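Data first, discussion second: the structure below is written as C-alpha cells.
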Amino acid sequence: MRLSIMLFVLLAAAPSWSQNAFLYGYGVRSCDDLVASAKQWESEKEDAGALAYVQLREWMSGFISGLSLALGNDVTRGAGVEGMIRQVVKQCTDRRQSDVFTTTMELIRKRGGLE
C-alpha cells in the first residue's frame with residue numbers, strides 16, 4: 001500500500017503527469033510568484049504578502065501532513081512546516097521557472113522523505 005501511494009506521488013510530480021493531475025492551492029503557483037510574495041511578507045508592509053504567506057503555510061501544512069500520513073513517516077525529516085517553507089523559498093529563488101509543488105517534491109526527495 002505504501003509503495004502504491006509513493007509511486008502515485010512520484011508519478012504526479014513528473015512533468016507529463018502534472019498537466020493532467022489536479023492540484024489545488026498554493027502548489028500551483030510559480031516560483032516567481034512565491035519569491036515576489038516572500039519579499040513582500042519579509043518587509044511586513046504588504047498585506048498581500050502576509051496573505052500569501054498564510055496561504056503557503058496552510059497549503060504546505062496540508063500537503064506534508066497528508067503525504068506523511070500516507071507514507072507513515074515525517075517526509076520533512078524534522079524540518080517541519082516553517083523549515084520547508086524557508087527551504088522552498090530558497091530553492092525557488094534559484095529556480096524561478098519551476099512551481100511550488102515541483103520544488104516541494106524535489107526537496108522532499110532530496111531530504112529522503114519518500115523512503
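Note on naming: chains are A, B, ... as they come in the C-alpha cells, residues start from 1 per chain, ligands start from 1 in the order shown.
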
Skipping near chain neighbours, those fewer than 4 positions away, what residues fall within 7 Å of range 52-56 of chain A using only C-alpha atoms, listed as a count of residues only? 5

Report, in Å with one decimal, the straight-line distance from CA of Arg109 in chain A to CA of Gln91 in chain A. 13.5 Å

Measure the distance from CA of Ser61 in chain A to CA of Asp33 in chain A in Å and round it to one decimal. 19.1 Å

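In this model, the gap between CA of Thr103 in chain A and CA of Val88 in chain A comes to 6.4 Å.
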
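Here the question is which of A:Lys39, A:Glu82, A:Trp59, A:Gly72 gets nearest to Phe101 in chain A using only C-alpha atoms, and that residue is A:Trp59.
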
Between A:Gln40, A:Val75, A:Leu34, A:Gly62, single out the one closest to Arg95 in chain A, counting only C-alpha atoms. A:Leu34

Go through A:Arg29, A:Thr104, A:Ala50, A:Ser43 and flag the residue nearest Arg86 in chain A, using only C-alpha atoms for the distances. A:Thr104

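Comparing A:Leu69, A:Val100, A:Asp47, A:Arg57 by their smallest distance to Val81 in chain A, the closest is A:Arg57 (using only C-alpha atoms).
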
Find, counting only C-alpha atoms, the residue in A:Met105, A:Met84, A:Leu23, A:Cys31 that gets nearest to Leu67 in chain A. A:Met105

Taking only C-alpha atoms into account, which of A:Lys90, A:Thr102, A:Gly113, A:Glu42 comes nearest Asn73 in chain A? A:Gly113
